[in-house]
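The file work_36.txt comes next; it holds compact mmCIF, C-alpha atoms and all ligand atoms.
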```
# COMPACT_ATOMS: atom_id res chain seq x y z
CA MET A 190 -3.39 -11.88 162.30
CA VAL A 191 -3.82 -14.44 165.09
CA ASP A 192 -0.67 -15.14 167.09
CA PRO A 193 -1.03 -18.79 168.25
CA ASN A 194 0.69 -18.04 171.57
CA ARG A 195 -1.68 -15.19 172.32
CA LEU A 196 -4.65 -17.37 171.42
CA LYS A 197 -3.32 -20.07 173.75
CA ALA A 198 -2.89 -17.56 176.58
CA PHE A 199 -6.38 -16.21 175.92
CA ASN A 200 -7.86 -19.71 176.22
CA GLU A 201 -5.84 -20.59 179.33
CA GLU A 202 -7.25 -17.56 181.12
CA ARG A 203 -10.81 -18.74 180.44
CA LEU A 204 -10.37 -22.45 180.74
CA SER A 205 -11.32 -23.06 184.38
CA ASP A 206 -14.46 -20.94 184.04
CA HIS A 207 -15.42 -22.85 180.88
CA GLN A 208 -14.76 -26.22 182.52
CA ARG A 209 -17.04 -25.39 185.45
CA HIS A 210 -19.94 -24.77 183.04
CA TRP A 211 -19.01 -27.66 180.78
CA VAL A 212 -18.87 -30.31 183.55
CA PHE A 213 -22.34 -29.27 184.70
CA LEU A 214 -23.84 -29.49 181.19
CA LEU A 215 -21.97 -32.69 180.36
CA GLU A 216 -23.55 -34.41 183.34
CA SER A 217 -27.08 -33.44 182.40
CA LEU A 218 -26.60 -34.36 178.71
CA THR A 219 -25.16 -37.75 179.71
CA GLN A 220 -28.10 -38.36 182.04
CA LYS A 221 -30.45 -37.75 179.11
CA GLY A 222 -28.66 -40.51 177.18
CA ILE A 223 -27.11 -38.15 174.62
CA ASP A 224 -23.97 -39.38 172.82
CA VAL A 225 -21.87 -36.35 173.73
CA ASP A 226 -18.78 -37.18 171.65
CA LYS A 227 -20.90 -37.65 168.55
CA THR A 228 -22.71 -34.39 169.22
CA LEU A 229 -19.43 -32.51 169.75
CA ASN A 230 -18.12 -33.80 166.42
CA LYS A 231 -21.30 -32.86 164.58
CA ILE A 232 -21.14 -29.32 165.94
CA ALA A 233 -17.43 -29.00 165.11
CA ASP A 234 -17.81 -30.47 161.61
CA PHE A 235 -20.55 -28.01 160.66
CA GLN A 236 -18.87 -25.43 158.41
CA ILE A 237 -20.62 -22.30 157.16
CA ALA A 238 -19.28 -20.55 154.07
CA ILE A 239 -18.53 -16.85 154.25
CA PRO A 240 -19.42 -14.93 151.07
CA SER A 241 -16.58 -12.96 149.58
CA TRP A 242 -18.71 -9.80 149.68
CA ALA A 243 -19.41 -9.92 153.41
CA LEU A 244 -15.99 -8.93 154.73
CA GLY A 245 -16.56 -5.28 153.91
CA THR A 246 -19.10 -2.85 155.31
CA GLY A 247 -22.48 -3.21 153.68
CA GLY A 248 -24.44 -0.19 152.64
CA THR A 249 -28.02 0.79 152.22
CA ARG A 250 -29.20 2.93 149.35
CA PHE A 251 -28.83 5.89 151.74
CA GLY A 252 -25.17 5.49 152.58
CA ARG A 253 -22.22 3.43 153.67
CA PHE A 254 -19.97 3.92 156.67
CA PRO A 255 -16.77 1.87 156.26
CA GLN A 256 -14.71 0.82 159.29
CA GLY A 257 -11.26 0.79 157.73
CA GLY A 258 -8.96 -2.14 157.01
CA GLU A 259 -11.41 -3.64 154.50
CA PRO A 260 -10.05 -6.29 152.12
CA SER A 261 -9.88 -4.84 148.61
CA ASN A 262 -9.04 -8.05 146.73
CA LEU A 263 -9.95 -11.73 146.83
CA GLU A 264 -6.65 -12.66 148.46
CA ASP A 265 -7.26 -10.35 151.43
CA LYS A 266 -10.85 -11.56 151.71
CA ILE A 267 -9.65 -15.15 151.97
CA LYS A 268 -7.10 -14.08 154.57
CA ASP A 269 -9.89 -12.49 156.62
CA ILE A 270 -11.94 -15.68 156.39
CA GLY A 271 -8.81 -17.50 157.52
CA THR A 272 -8.71 -15.24 160.60
CA LEU A 273 -12.35 -15.99 161.39
CA HIS A 274 -11.75 -19.70 160.89
CA THR A 275 -8.69 -19.71 163.15
CA LEU A 276 -10.84 -18.24 165.90
CA ASN A 277 -14.08 -20.20 165.46
CA LYS A 278 -13.01 -23.30 163.48
CA SER A 279 -16.41 -23.09 161.79
CA SER A 280 -15.88 -20.81 158.77
CA GLY A 281 -13.81 -23.14 156.62
CA ALA A 282 -15.35 -22.18 153.28
CA VAL A 283 -15.72 -19.20 150.97
CA SER A 284 -18.48 -18.52 148.48
CA ILE A 285 -17.32 -16.16 145.76
CA HIS A 286 -19.37 -13.76 143.75
CA ILE A 287 -18.53 -13.10 140.10
CA PRO A 288 -17.74 -10.46 138.86
CA TRP A 289 -17.05 -8.82 142.25
CA ASP A 290 -14.27 -11.31 142.97
CA ILE A 291 -12.78 -12.72 139.79
CA PRO A 292 -9.69 -14.77 140.67
CA GLU A 293 -6.61 -13.58 138.81
CA ASP A 294 -4.28 -16.44 139.65
CA TYR A 295 -6.15 -19.66 140.39
CA THR A 296 -3.11 -21.55 141.69
CA ALA A 297 -2.10 -18.77 144.10
CA ILE A 298 -5.67 -18.39 145.41
CA LYS A 299 -6.09 -22.14 145.82
CA THR A 300 -2.77 -22.46 147.63
CA LEU A 301 -3.63 -19.62 150.00
CA ALA A 302 -7.07 -21.10 150.72
CA SER A 303 -5.73 -24.56 151.39
CA GLU A 304 -3.04 -23.17 153.72
CA LEU A 305 -5.85 -21.57 155.70
CA ASP A 306 -8.01 -24.72 155.56
CA ILE A 307 -10.66 -22.98 153.44
CA LYS A 308 -12.71 -24.73 150.74
CA PHE A 309 -14.52 -23.17 147.80
CA ASP A 310 -18.27 -23.55 148.23
CA ALA A 311 -20.91 -22.43 145.71
CA VAL A 312 -20.00 -19.72 143.21
CA ASN A 313 -22.58 -16.96 142.64
CA SER A 314 -23.43 -15.34 139.34
CA ASN A 315 -24.58 -11.73 139.15
CA THR A 316 -26.99 -10.59 136.48
CA PHE A 317 -28.67 -8.09 138.80
CA GLN A 318 -26.20 -5.31 137.99
CA ASP A 319 -24.76 -4.08 134.71
CA GLN A 320 -21.02 -4.56 134.64
CA PRO A 321 -18.62 -2.21 132.82
CA ASN A 322 -17.95 -4.80 130.10
CA ASN A 323 -21.64 -5.70 129.58
CA VAL A 324 -22.75 -5.35 125.97
CA HIS A 325 -26.45 -5.32 126.90
CA SER A 326 -28.29 -4.03 129.96
CA TYR A 327 -30.08 -6.14 132.57
CA LYS A 328 -32.38 -3.26 133.42
CA PHE A 329 -35.39 -5.21 132.14
CA GLY A 330 -34.23 -8.65 133.16
CA SER A 331 -31.53 -11.18 132.40
CA LEU A 332 -32.35 -14.90 131.98
CA SER A 333 -36.01 -13.99 131.46
CA HIS A 334 -35.42 -10.97 129.18
CA ILE A 335 -37.77 -10.54 126.23
CA ASP A 336 -34.77 -10.09 123.92
CA ALA A 337 -32.75 -13.24 123.09
CA VAL A 338 -29.45 -11.36 122.83
CA VAL A 339 -29.68 -10.20 126.46
CA ARG A 340 -30.58 -13.72 127.60
CA LYS A 341 -27.59 -15.02 125.67
CA GLU A 342 -25.24 -12.62 127.45
CA ALA A 343 -26.67 -13.62 130.85
CA ILE A 344 -26.35 -17.33 130.02
CA GLN A 345 -22.77 -16.79 128.89
CA HIS A 346 -21.98 -15.01 132.17
CA ASN A 347 -23.28 -18.00 134.16
CA LYS A 348 -21.16 -20.35 132.06
CA GLU A 349 -18.09 -18.24 132.80
CA VAL A 350 -18.90 -18.38 136.52
CA ILE A 351 -18.99 -22.18 136.26
CA ASP A 352 -15.59 -22.08 134.54
CA HIS A 353 -14.10 -20.00 137.38
CA GLY A 354 -15.64 -22.33 139.94
CA THR A 355 -14.30 -25.42 138.19
CA GLN A 356 -10.78 -23.98 138.31
CA LEU A 357 -11.11 -23.36 142.05
CA GLY A 358 -12.73 -26.67 143.00
CA SER A 359 -16.28 -25.41 143.62
CA ARG A 360 -19.09 -27.82 142.87
CA ALA A 361 -22.18 -25.59 142.84
CA LEU A 362 -23.57 -22.53 141.11
CA THR A 363 -26.06 -20.29 142.91
CA VAL A 364 -28.40 -18.33 140.68
CA TRP A 365 -30.41 -15.49 142.15
CA LEU A 366 -32.35 -13.41 139.66
CA ALA A 367 -33.49 -9.86 140.25
CA ASP A 368 -35.75 -10.33 137.19
CA GLY A 369 -39.28 -9.20 137.76
CA SER A 370 -41.72 -6.37 137.16
CA SER A 371 -42.69 -3.34 139.18
CA PHE A 372 -45.95 -2.56 137.43
CA PRO A 373 -48.98 -4.70 136.58
CA GLY A 374 -49.05 -5.46 132.89
CA GLN A 375 -45.28 -5.08 132.50
CA HIS A 376 -44.75 -8.86 132.25
CA ASN A 377 -46.47 -11.83 130.75
CA PHE A 378 -46.03 -14.25 133.69
CA ARG A 379 -45.99 -17.41 131.59
CA GLY A 380 -43.58 -15.86 129.09
CA VAL A 381 -40.97 -14.83 131.67
CA PHE A 382 -41.22 -18.19 133.43
CA GLN A 383 -40.71 -20.18 130.22
CA ARG A 384 -37.77 -18.04 129.08
CA THR A 385 -36.14 -18.41 132.51
CA LEU A 386 -36.56 -22.18 132.35
CA ASP A 387 -35.09 -22.32 128.84
CA SER A 388 -32.11 -20.17 129.87
CA LEU A 389 -31.50 -22.22 133.02
CA LYS A 390 -31.61 -25.37 130.93
CA GLU A 391 -28.65 -24.14 128.86
CA ILE A 392 -26.70 -23.36 132.04
CA TYR A 393 -27.69 -26.70 133.58
CA ASP A 394 -26.51 -28.60 130.51
CA TYR A 395 -23.16 -26.78 130.68
CA MET A 396 -22.51 -27.79 134.31
CA PRO A 397 -20.10 -30.64 135.03
CA SER A 398 -21.93 -33.80 136.10
CA ASP A 399 -20.81 -33.50 139.75
CA TRP A 400 -22.11 -29.93 140.09
CA LYS A 401 -25.35 -28.62 141.65
CA LEU A 402 -27.46 -25.74 140.39
CA LEU A 403 -28.99 -23.87 143.35
CA ILE A 404 -32.02 -21.74 142.52
CA GLU A 405 -32.69 -18.93 145.00
CA TYR A 406 -36.12 -17.31 145.31
CA LYS A 407 -37.22 -13.94 146.68
CA PRO A 408 -40.73 -12.45 146.93
CA TYR A 409 -39.86 -8.83 146.18
CA GLU A 410 -36.93 -6.42 145.76
CA PRO A 411 -35.58 -5.00 143.57
CA ASN A 412 -38.86 -5.50 141.76
CA PHE A 413 -41.99 -4.70 143.70
CA TYR A 414 -44.94 -6.10 141.76
CA SER A 415 -43.69 -9.52 140.69
CA MET A 416 -40.47 -11.47 140.79
CA VAL A 417 -39.84 -14.16 138.19
CA ILE A 418 -38.82 -16.62 140.96
CA PRO A 419 -40.79 -15.32 143.95
CA ASP A 420 -41.16 -18.42 146.11
CA TRP A 421 -40.03 -21.96 146.84
CA GLY A 422 -42.83 -23.38 144.68
CA THR A 423 -41.52 -21.63 141.57
CA SER A 424 -37.91 -22.49 142.43
CA HIS A 425 -38.89 -26.12 142.93
CA LEU A 426 -40.89 -26.17 139.70
CA LEU A 427 -37.82 -24.98 137.79
CA ALA A 428 -35.50 -27.39 139.64
CA SER A 429 -37.74 -30.37 139.06
CA LYS A 430 -38.07 -29.59 135.36
CA LEU A 431 -34.27 -29.21 135.05
CA GLY A 432 -33.28 -32.48 136.70
CA ASP A 433 -31.51 -34.09 139.65
CA GLN A 434 -28.61 -31.67 139.73
CA ALA A 435 -30.91 -28.69 140.34
CA SER A 436 -32.44 -27.83 143.71
CA THR A 437 -33.85 -24.98 145.76
CA LEU A 438 -31.86 -22.54 147.86
CA VAL A 439 -33.60 -21.08 150.92
CA ASP A 440 -32.47 -17.63 152.03
CA LEU A 441 -34.05 -16.86 155.42
CA GLY A 442 -34.70 -13.23 154.48
CA HIS A 443 -36.57 -14.10 151.30
CA HIS A 444 -40.02 -14.73 152.76
CA LEU A 445 -43.03 -12.60 153.43
CA PRO A 446 -43.54 -11.84 157.16
CA ASN A 447 -44.60 -14.84 159.30
CA THR A 448 -43.99 -17.45 156.61
CA ASN A 449 -43.44 -20.87 158.17
CA ILE A 450 -39.91 -21.41 156.88
CA GLU A 451 -39.35 -24.58 158.92
CA GLN A 452 -42.22 -26.25 157.06
CA ILE A 453 -40.71 -25.28 153.70
CA VAL A 454 -37.35 -26.71 154.81
CA SER A 455 -38.98 -29.94 155.96
CA LEU A 456 -40.87 -30.52 152.71
CA LEU A 457 -37.94 -29.66 150.46
CA MET A 458 -35.77 -32.16 152.34
CA HIS A 459 -38.52 -34.76 152.12
CA ILE A 460 -38.31 -34.62 148.33
CA ASN A 461 -34.46 -34.33 148.35
CA LYS A 462 -34.56 -30.86 146.84
CA LEU A 463 -32.99 -28.60 149.47
CA GLY A 464 -29.63 -27.68 147.97
CA GLY A 465 -28.50 -24.49 149.66
CA PHE A 466 -29.13 -22.23 152.60
CA HIS A 467 -28.44 -18.53 153.21
CA PHE A 468 -28.49 -17.46 156.86
CA ASN A 469 -29.45 -14.00 158.10
CA ASP A 470 -32.16 -12.49 160.28
CA SER A 471 -34.85 -9.91 159.69
CA LYS A 472 -37.75 -8.08 161.22
CA TYR A 473 -39.53 -6.71 158.18
CA GLY A 474 -38.06 -7.78 154.85
CA ASP A 475 -34.69 -8.89 153.53
CA ASP A 476 -32.98 -6.98 156.35
CA ASP A 477 -29.79 -9.10 156.23
CA LEU A 478 -29.17 -8.72 159.97
CA THR A 479 -26.99 -10.87 162.22
CA VAL A 480 -28.24 -14.47 162.38
CA GLY A 481 -30.24 -15.12 165.56
CA GLY A 482 -30.40 -11.40 166.38
CA ILE A 483 -34.18 -11.12 166.00
CA LYS A 484 -35.85 -14.55 165.85
CA PRO A 485 -33.70 -17.17 167.59
CA TYR A 486 -36.66 -19.50 168.28
CA GLN A 487 -37.53 -19.62 164.59
CA LEU A 488 -33.91 -20.44 163.80
CA PHE A 489 -34.02 -23.28 166.32
CA LEU A 490 -37.25 -24.66 164.80
CA ILE A 491 -35.64 -24.55 161.35
CA PHE A 492 -32.65 -26.47 162.71
CA CYS A 493 -34.96 -29.09 164.22
CA GLU A 494 -36.26 -29.76 160.69
CA LEU A 495 -32.76 -29.72 159.24
CA VAL A 496 -31.52 -32.21 161.84
CA GLN A 497 -34.47 -34.54 161.25
CA GLY A 498 -34.12 -34.15 157.49
CA MET A 499 -30.40 -34.95 157.63
CA ARG A 500 -31.18 -38.11 159.64
CA GLU A 501 -34.31 -39.34 157.94
CA THR A 502 -34.17 -38.31 154.27
CA SER A 503 -31.73 -38.83 151.42
CA ASN A 504 -31.49 -35.09 150.79
CA PRO A 505 -27.97 -34.45 149.40
CA GLU A 506 -25.41 -32.33 151.25
CA ILE A 507 -26.49 -28.72 151.66
CA SER A 508 -24.34 -25.65 150.88
CA TRP A 509 -24.49 -23.42 153.97
CA MET A 510 -23.67 -19.74 153.70
CA ILE A 511 -24.13 -16.53 155.66
CA ASP A 512 -25.80 -13.88 153.53
CA ALA A 513 -25.91 -10.83 155.73
CA SER A 514 -24.92 -7.21 155.33
CA HIS A 515 -23.06 -5.34 158.02
CA ASN A 516 -23.95 -1.68 158.04
CA LEU A 517 -23.26 -0.80 161.64
CA LYS A 518 -21.02 -3.43 163.18
CA ASP A 519 -17.51 -4.45 162.26
CA PRO A 520 -18.25 -7.08 159.53
CA MET A 521 -15.90 -9.62 161.07
CA GLU A 522 -17.48 -9.26 164.51
CA ASP A 523 -20.90 -9.59 162.93
CA LEU A 524 -19.86 -12.77 161.09
CA LEU A 525 -18.46 -14.28 164.30
CA GLN A 526 -21.75 -13.57 166.06
CA SER A 527 -23.76 -15.06 163.19
CA VAL A 528 -21.72 -18.27 163.12
CA ASP A 529 -22.04 -18.56 166.90
CA SER A 530 -25.85 -18.23 166.69
CA ILE A 531 -26.01 -20.87 163.97
CA LYS A 532 -23.98 -23.31 166.06
CA ILE A 533 -26.09 -22.65 169.14
CA ALA A 534 -29.31 -23.29 167.20
CA TYR A 535 -27.80 -26.45 165.71
CA ALA A 536 -26.62 -27.70 169.12
CA ARG A 537 -30.07 -27.10 170.64
CA ALA A 538 -31.67 -29.04 167.80
CA LEU A 539 -29.17 -31.88 168.23
CA ILE A 540 -30.02 -32.42 171.92
CA LEU A 541 -33.75 -32.75 171.26
CA ASP A 542 -35.02 -36.31 171.65
CA TYR A 543 -36.93 -36.91 168.40
CA ASN A 544 -38.09 -40.36 169.50
CA LEU A 545 -39.88 -38.85 172.48
CA LEU A 546 -41.28 -36.15 170.20
CA LYS A 547 -42.63 -38.74 167.78
CA ASP A 548 -44.21 -40.73 170.63
CA ALA A 549 -45.92 -37.61 171.92
CA GLN A 550 -47.10 -36.78 168.39
CA LYS A 551 -48.61 -40.28 168.11
CA ARG A 552 -50.58 -39.70 171.31
CA ASN A 553 -51.57 -36.18 170.20
CA ASP A 554 -49.97 -35.00 173.44
CA ILE A 555 -49.39 -31.43 172.31
CA ALA A 556 -48.24 -30.17 175.72
CA THR A 557 -45.40 -32.71 175.76
CA CYS A 558 -44.46 -31.88 172.16
CA GLN A 559 -44.17 -28.23 173.10
CA SER A 560 -42.25 -28.95 176.33
CA LEU A 561 -39.72 -31.12 174.52
CA LEU A 562 -39.01 -28.36 172.02
CA GLN A 563 -38.87 -25.64 174.63
CA ASP A 564 -36.68 -27.66 177.02
CA ALA A 565 -34.11 -28.06 174.25
CA PHE A 566 -34.39 -24.39 173.29
CA ARG A 567 -34.04 -23.23 176.90
CA THR A 568 -30.96 -25.37 177.58
CA ASP A 569 -27.85 -23.25 177.74
CA VAL A 570 -25.76 -25.12 175.16
CA ARG A 571 -23.03 -22.49 174.98
CA PRO A 572 -20.50 -24.68 176.88
CA LEU A 573 -21.19 -27.50 174.39
CA VAL A 574 -20.48 -25.25 171.41
CA LYS A 575 -17.41 -23.75 173.11
CA GLU A 576 -16.06 -27.22 173.95
CA ALA A 577 -16.55 -28.40 170.33
CA ILE A 578 -14.64 -25.40 168.97
CA TYR A 579 -11.96 -25.55 171.69
CA GLN A 580 -11.29 -29.24 170.98
CA ARG A 581 -10.55 -28.27 167.35
CA GLY A 582 -8.10 -25.56 168.47
CA GLY A 583 -10.37 -22.51 168.28
CA ALA A 584 -10.99 -19.73 170.78
CA LEU A 585 -13.22 -20.23 173.82
CA ASP A 586 -14.85 -16.92 172.92
CA ALA A 587 -14.12 -15.94 169.31
CA LEU A 588 -15.53 -12.42 169.52
CA ALA A 589 -13.65 -11.57 172.74
CA ALA A 590 -10.45 -13.02 171.24
CA TYR A 591 -10.93 -10.95 168.08
CA ARG A 592 -11.11 -7.86 170.26
CA GLU A 593 -8.33 -8.78 172.66
CA LEU A 594 -5.99 -9.59 169.78
CA ASN A 595 -6.76 -6.16 168.23
CA ILE A 596 -7.47 -7.62 164.81
CA ARG A 597 -9.33 -4.64 163.35
CA LYS A 598 -6.56 -2.31 164.52
CA LYS A 599 -3.99 -4.52 162.81
CA LEU A 600 -6.05 -4.64 159.60
CA ILE A 601 -6.30 -0.85 159.54
CA ALA A 602 -2.53 -0.59 160.14
CA THR A 603 -1.87 -2.92 157.20
CA ARG A 604 -4.51 -1.80 154.69
CA GLY A 605 -5.28 1.75 155.72
CA LEU A 606 -8.43 3.49 156.85
CA ASP A 607 -9.99 4.00 153.44
CA SER A 608 -9.46 0.62 151.74
CA LYS A 609 -12.66 -0.37 149.95
CA SER A 610 -14.21 -3.77 149.53
CA THR A 611 -16.14 -4.88 146.44
CA GLY A 612 -19.78 -5.87 146.76
CA LEU A 613 -23.08 -4.12 147.30
C1 LIG B 701 -30.21 -11.35 147.03
O1 LIG B 701 -30.94 -10.63 147.96
C2 LIG B 701 -29.18 -12.25 147.71
O2 LIG B 701 -29.77 -12.94 148.78
C3 LIG B 701 -28.51 -13.19 146.74
O3 LIG B 701 -28.09 -14.37 147.40
C4 LIG B 701 -27.33 -12.40 146.28
O4 LIG B 701 -26.30 -13.15 145.71
C5 LIG B 701 -26.91 -11.70 147.55
O5 LIG B 701 -28.14 -11.46 148.25
C6 LIG B 701 -26.17 -10.43 147.29
O6 LIG B 701 -25.90 -9.76 148.49
MN MN B 702 -29.12 -14.90 149.40
```

Written as structure tokens, how would this file's structure read?
Ligand code: PSV
Ligand code: MN
Amino acid sequence: MVDPNRLKAFNEERLSDHQRHWVFLLESLTQKGIDVDKTLNKIADFQIAIPSWALGTGGTRFGRFPQGGEPSNLEDKIKDIGTLHTLNKSSGAVSIHIPWDIPEDYTAIKTLASELDIKFDAVNSNTFQDQPNNVHSYKFGSLSHIDAVVRKEAIQHNKEVIDHGTQLGSRALTVWLADGSSFPGQHNFRGVFQRTLDSLKEIYDYMPSDWKLLIEYKPYEPNFYSMVIPDWGTSHLLASKLGDQASTLVDLGHHLPNTNIEQIVSLLMHINKLGGFHFNDSKYGDDDLTVGGIKPYQLFLIFCELVQGMRETSNPEISWMIDASHNLKDPMEDLLQSVDSIKIAYARALILDYNLLKDAQKRNDIATCQSLLQDAFRTDVRPLVKEAIYQRGGALDALAAYRELNIRKKLIATRGLDSKSTGL
């Protein structure tokens, strides 16, 4: 999809403009004593997995308005991620969802992915929908179900997801449960918790010793009175009872309004229990909007905690993934914008002087604390992010390149206007 010569010409046209901005920023970063080469490498090394379900148009329960050219199989999805990665050099991983994307030929899929420089990040199980070959229904729960035969089927599904992941080279399983109740009295809270723990234990014991189990929480939806894993406390309780290979996954959209997510991130890293991260943005609930589209300052504050945590704690490597749904925009454009926002927030957090911040905290000099944060946030780091991506061979402006190279038009020409993607 991306002709290297056209990408080169695209960059050449923008290079002098970029260099003007870059030289100016470089000087001020150097004056502040920032190790610019190290920072550039950190920004470039940061890879965010694209979920296999995000390449198609997302829907709401009221409708879906596809754009055309959607990938209808795992191979095409990986090719689309390859296109994104060629442009932004930051999307070098895929997170697949079973059963939406069951690989048919592991060797062929692995070869394709490695040709495109794409790794297999966490695999996701799905017990929130009944599948055509399900023997039992998950209508009243899966791992927490009152009936042991349903729990057994859900456990078996998770084991199969691990098997698929092992074949592909994944090293993590993400479990998100829709289990919960919509009416008071429907559930015995202690009963559903204990059954979930027992089921997870079986899955945990099945995992290879170099795998992680990531437990995702969500306060409501699809159940509206109680969720079995509603918050980070419950996720952490399960993870700590399971063992070292289990940890919590934070999805930005899975918090009640105004929750201090940066504090949650900080504490989980402090106890080495932050395992995974799903990026998106929201105004009201789990809106799954473009990252940084609504609350960029909150995203920056979260990254400040992540940066400090990565430097100062022994928290293991985190699985990063975008978990957004694209109802209105071209999904690939939306993903490019999300990745760009993530890198900008990360770059801003990297240029903050944490030693100065700690000194100010010691003196209880709140005004300086706030100024340090806001100075970093208000710095236009776009040339820094562009330079990092350009040095790795990416586009100086991935979204503009995507448009100028007519990628969507080419996808429609190849796959047709009504090709459908699997997913929600
Ligand atoms: C649930 O809302 C969730 O965040 C989980 O991560 C699922 O796997 C994903 O969204 C499905 O879109
Ligand atoms: Mn999620």

Practice item. Point out the residue among A:Trp509, A:Phe382, A:Trp365, A:Phe372 with the least atom-to-atom distance to Tyr406 of chain A, counting all atoms listed in the file. Key: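 Among the listed residues, the smallest separation from Tyr406 of chain A belongs to A:Trp365.
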
Show me, as a list of chain:residue names, the residues that have an atom within 12 Å of Leu204 of chain A when counting only C-alpha atoms, minus same-chain residues fewer than 5 positions from it.
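That gives A:Lys197, A:Ala198, A:Phe199, A:Arg209, A:His210, A:Trp211, A:Val212, A:Pro572, A:Lys575, A:Glu576, A:Tyr579, A:Gln580, A:Ala584, A:Leu585, A:Asp586.
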
Exercise. Name the residues, using the chain letters and numbers of the file, that sit within 10 Å of (-23.6, -27.6, 175.3) when counting only C-alpha atoms, and give them as a ChimeraX atom specification.
Key: /A:210-215,217-218,225,228-229,232,533,536-537,539-540,568-577

Take atom CA of Asp336 of chain A and atom CA of Asp394 of chain A and report the distance between them in Å, one decimal.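 That distance, rounded to one decimal, is 21.3 Å.
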
Which residues of chain A have any atom within 6 Å of an atom in ligand MN 702 (chain B) when counting only C-alpha atoms and all ligand atoms, and what is the closest pair of atoms for each, with the distance in Å to one decimal? Order the rows by chain and rising number and write it as CSV.
```
residue,atom,partner,partner_atom,distance
A:Asp440,CA,B:MN702,MN,5.1
A:His467,CA,B:MN702,MN,5.3
A:Asp512,CA,B:MN702,MN,5.4
```

Hey, which residues come within 8 Å of ligand LIG 701 (chain B) if we count only C-alpha atoms and all ligand atoms? Could you give them as a PyMOL selection string?
chain A and resi 242+286+313-315+363-367+405+407+410+440+442-443+467+475+512-514+612-613

Considering all atoms listed in the file, return as a count of residues only whatever protein or nucleic-acid residues lie within 8 Å of segment 343-347 of chain A, sequence-local ones (same chain, fewer than 6 positions apart) excluded. 8

**Item:** Sel. within 10 Å of pt (-34.2, -29.9, 160.2), counting all atoms listed in the file, output as a ChimeraX atom specification
**Value:** /A:451-452,454-455,458,489-501,535,538-539

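Counting from atom CA of Asn412 of chain A, the distance to atom CA of Leu438 of chain A is 19.4 Å.
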
What's the separation between atom CA of Asn377 of chain A and atom CA of Phe317 of chain A, in Å to one decimal place?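 According to the coordinates, atom CA of Asn377 of chain A and atom CA of Phe317 of chain A are separated by 19.9 Å.
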
For Gly245 of chain A, the closest of A:Lys266, A:His353, A:Lys551, A:Lys231 counting all atoms listed in the file is A:Lys266

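Distances from A:Leu517, A:Met416, A:Leu546, A:Val339 to Gly248 of chain A were compared using all atoms listed in the file, and the smallest one belongs to A:Leu517.
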
Supply segment 265-277 of chain A as an mmCIF file, in the coordinates of the input, with N, CA and C atoms built in where the input has gaps.
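Final output, saved to selection15.cif:
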```cif
data_model
loop_
_atom_site.group_PDB
_atom_site.id
_atom_site.type_symbol
_atom_site.label_atom_id
_atom_site.label_comp_id
_atom_site.auth_asym_id
_atom_site.auth_seq_id
_atom_site.Cartn_x
_atom_site.Cartn_y
_atom_site.Cartn_z
ATOM 1 N N ASP A 265 -7.063 -10.892 150.073
ATOM 2 C CA ASP A 265 -7.260 -10.350 151.430
ATOM 3 C C ASP A 265 -8.562 -10.857 152.050
ATOM 4 N N LYS A 266 -9.567 -11.048 151.192
ATOM 5 C CA LYS A 266 -10.850 -11.560 151.710
ATOM 6 C C LYS A 266 -10.651 -12.968 152.258
ATOM 7 N N ILE A 267 -9.903 -13.768 151.511
ATOM 8 C CA ILE A 267 -9.650 -15.150 151.970
ATOM 9 C C ILE A 267 -8.819 -15.129 153.249
ATOM 10 N N LYS A 268 -7.889 -14.187 153.332
ATOM 11 C CA LYS A 268 -7.100 -14.080 154.570
ATOM 12 C C LYS A 268 -8.008 -13.743 155.759
ATOM 13 N N ASP A 269 -8.975 -12.860 155.527
ATOM 14 C CA ASP A 269 -9.890 -12.490 156.620
ATOM 15 C C ASP A 269 -10.757 -13.687 157.042
ATOM 16 N N ILE A 270 -11.169 -14.469 156.051
ATOM 17 C CA ILE A 270 -11.940 -15.680 156.390
ATOM 18 C C ILE A 270 -11.047 -16.636 157.178
ATOM 19 N N GLY A 271 -9.768 -16.669 156.786
ATOM 20 C CA GLY A 271 -8.810 -17.500 157.520
ATOM 21 C C GLY A 271 -8.728 -17.048 158.988
ATOM 22 N N THR A 272 -8.754 -15.764 159.216
ATOM 23 C CA THR A 272 -8.710 -15.240 160.600
ATOM 24 C C THR A 272 -9.956 -15.694 161.372
ATOM 25 N N LEU A 273 -11.108 -15.556 160.720
ATOM 26 C CA LEU A 273 -12.350 -15.990 161.390
ATOM 27 C C LEU A 273 -12.274 -17.484 161.710
ATOM 28 N N HIS A 274 -11.786 -18.246 160.733
ATOM 29 C CA HIS A 274 -11.750 -19.700 160.890
ATOM 30 C C HIS A 274 -10.745 -20.128 161.975
ATOM 31 N N THR A 275 -9.663 -19.401 162.086
ATOM 32 C CA THR A 275 -8.690 -19.710 163.150
ATOM 33 C C THR A 275 -9.358 -19.530 164.513
ATOM 34 N N LEU A 276 -10.202 -18.517 164.612
ATOM 35 C CA LEU A 276 -10.840 -18.240 165.900
ATOM 36 C C LEU A 276 -12.022 -19.171 166.185
ATOM 37 N N ASN A 277 -12.849 -19.429 165.146
ATOM 38 C CA ASN A 277 -14.080 -20.200 165.460
ATOM 39 C C ASN A 277 -14.101 -21.617 164.882
#
```
